[in-house]
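Undergrad: Before we start, here is the structure in question, set down as structure tokens.
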Amino acid sequence: MQAFIDKNETNYKINFFEDIYPQIKEMVTEAIRSVFLQIDSGRRKNTFELFGFDFMIDKNYKVYLIEANINPCLEISSKFSGKFIPTLIDNVLRYFKSESQLTQFFSHLLIFLFQKEAHMKYCLK
């Protein structure tokens, strides 16, 4: 994403992780917070939810949340998704090495969503 911005936006100094990502992070945080008690209200053990969020960025680099999906597409249909989706699945499975980690997932959901920033920098190049 940063490479795209650098190549196509010469009038502004835009940094994805300083200017755009915080907006995305805030919107995802608020979306999850708004439905947290409805997500797996039975608190089933050994389960988790994977959400997909779609965003739009306007010419002033303001981010808009278009939709949140409870059943995101995991189809590999582009060079980007060919890198991102296998890495996402690998990271999710690696995160849940034990039942105790899986049980802690719901109390650490927001942390999990954002702890992969360094890896996302690589995927979004």
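Each chain in the structure tokens gets a letter, A, B and so on, in the order shown; residues start at 1 in every chain, and ligands are counted from 1 in the order they appear.
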Write down as a ChimeraX atom specification the residues belonging to segment 26-107 of chain A that are assigned strand (DSSP E) by DSSP computed on the backbone.
TA: /A:52-57,63-69
Undergrad: If you count only C-alpha atoms, which residues fall within 10 Å of Ile66 of chain A, apart from same-chain ones fewer than 2 positions away, as a count of residues only?
TA: 7
Undergrad: Tell me which protein, DNA and RNA residues are within 9 Å of Glu49 of chain A, counting only C-alpha atoms, leaving out same-chain ones fewer than 5 positions away, and put them as a list of chain:residue names.
TA: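 Residues near the query, excluding close chain neighbours: A:Ile39, A:Asp40, A:Ile70, A:Asn71.
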Undergrad: Write a file of the just-selected residues containing N, CA and C atoms, as a CSV table (one decimal), in the first residue's frame.
TA:
chain,number,residue,atom,x,y,z
A,39,ILE,N,-21.0,-11.8,19.7
A,39,ILE,CA,-20.1,-12.7,19.0
A,39,ILE,C,-20.0,-14.0,19.9
A,40,ASP,N,-20.5,-15.1,19.4
A,40,ASP,CA,-20.4,-16.3,20.1
A,40,ASP,C,-20.9,-16.2,21.5
A,70,ILE,N,-19.0,-11.4,8.2
A,70,ILE,CA,-18.8,-12.5,9.1
A,70,ILE,C,-18.3,-13.7,8.4
A,71,ASN,N,-18.4,-13.7,7.1
A,71,ASN,CA,-17.9,-14.8,6.3
A,71,ASN,C,-17.0,-14.3,5.1
Undergrad: DSSP on the backbone: what in segment 7-105 of chain A comes out alpha helix (DSSP H), as an NGL selection string?
TA: :A and (7-8 or 21-35 or 79-95 or 99-104)
Undergrad: Now that the selection is made, can you save its residues with C-alpha atoms as a PDB file, in the first residue's frame?
TA:
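Saved to again00.pdb:
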ATOM      1  CA  LYS A   7       4.120   6.137  -6.666  1.00  0.00           C
ATOM      2  CA  ASN A   8       0.740   7.819  -7.183  1.00  0.00           C
ATOM      3  CA  TYR A  21      -3.858   2.583   9.399  1.00  0.00           C
ATOM      4  CA  PRO A  22      -4.877   4.361  12.649  1.00  0.00           C
ATOM      5  CA  GLN A  23      -8.218   5.245  11.030  1.00  0.00           C
ATOM      6  CA  ILE A  24      -8.744   1.622   9.980  1.00  0.00           C
ATOM      7  CA  LYS A  25      -7.733   0.352  13.422  1.00  0.00           C
ATOM      8  CA  GLU A  26     -10.208   2.698  15.152  1.00  0.00           C
ATOM      9  CA  MET A  27     -13.074   1.650  12.877  1.00  0.00           C
ATOM     10  CA  VAL A  28     -12.394  -2.069  13.342  1.00  0.00           C
ATOM     11  CA  THR A  29     -12.081  -1.582  17.103  1.00  0.00           C
ATOM     12  CA  GLU A  30     -15.429   0.208  17.281  1.00  0.00           C
ATOM     13  CA  ALA A  31     -17.129  -2.341  15.026  1.00  0.00           C
ATOM     14  CA  ILE A  32     -15.947  -5.274  17.176  1.00  0.00           C
ATOM     15  CA  ARG A  33     -16.731  -3.391  20.384  1.00  0.00           C
ATOM     16  CA  SER A  34     -20.291  -2.729  19.178  1.00  0.00           C
ATOM     17  CA  VAL A  35     -21.059  -6.452  18.725  1.00  0.00           C
ATOM     18  CA  LYS A  79      -1.085 -11.658  -6.363  1.00  0.00           C
ATOM     19  CA  PHE A  80      -1.914  -9.844  -3.121  1.00  0.00           C
ATOM     20  CA  SER A  81      -4.432 -12.445  -1.890  1.00  0.00           C
ATOM     21  CA  GLY A  82      -1.976 -15.168  -2.921  1.00  0.00           C
ATOM     22  CA  LYS A  83       0.447 -13.767  -0.319  1.00  0.00           C
ATOM     23  CA  PHE A  84      -1.991 -12.485   2.265  1.00  0.00           C
ATOM     24  CA  ILE A  85      -4.501 -15.340   2.687  1.00  0.00           C
ATOM     25  CA  PRO A  86      -2.052 -18.233   3.273  1.00  0.00           C
ATOM     26  CA  THR A  87      -0.114 -16.027   5.702  1.00  0.00           C
ATOM     27  CA  LEU A  88      -3.325 -15.049   7.507  1.00  0.00           C
ATOM     28  CA  ILE A  89      -4.401 -18.682   7.908  1.00  0.00           C
ATOM     29  CA  ASP A  90      -0.930 -19.705   9.048  1.00  0.00           C
ATOM     30  CA  ASN A  91      -0.838 -16.915  11.646  1.00  0.00           C
ATOM     31  CA  VAL A  92      -4.302 -17.741  12.959  1.00  0.00           C
ATOM     32  CA  LEU A  93      -3.460 -21.431  13.363  1.00  0.00           C
ATOM     33  CA  ARG A  94      -0.060 -20.657  14.882  1.00  0.00           C
ATOM     34  CA  TYR A  95      -1.693 -18.343  17.398  1.00  0.00           C
ATOM     35  CA  GLU A  99      -6.789 -24.657  24.401  1.00  0.00           C
ATOM     36  CA  SER A 100      -5.823 -22.062  27.006  1.00  0.00           C
ATOM     37  CA  GLN A 101      -4.696 -19.704  24.251  1.00  0.00           C
ATOM     38  CA  LEU A 102      -7.940 -20.302  22.380  1.00  0.00           C
ATOM     39  CA  THR A 103      -9.982 -19.631  25.505  1.00  0.00           C
ATOM     40  CA  GLN A 104      -8.149 -16.322  25.980  1.00  0.00           C
TER      41      GLN A 104
END
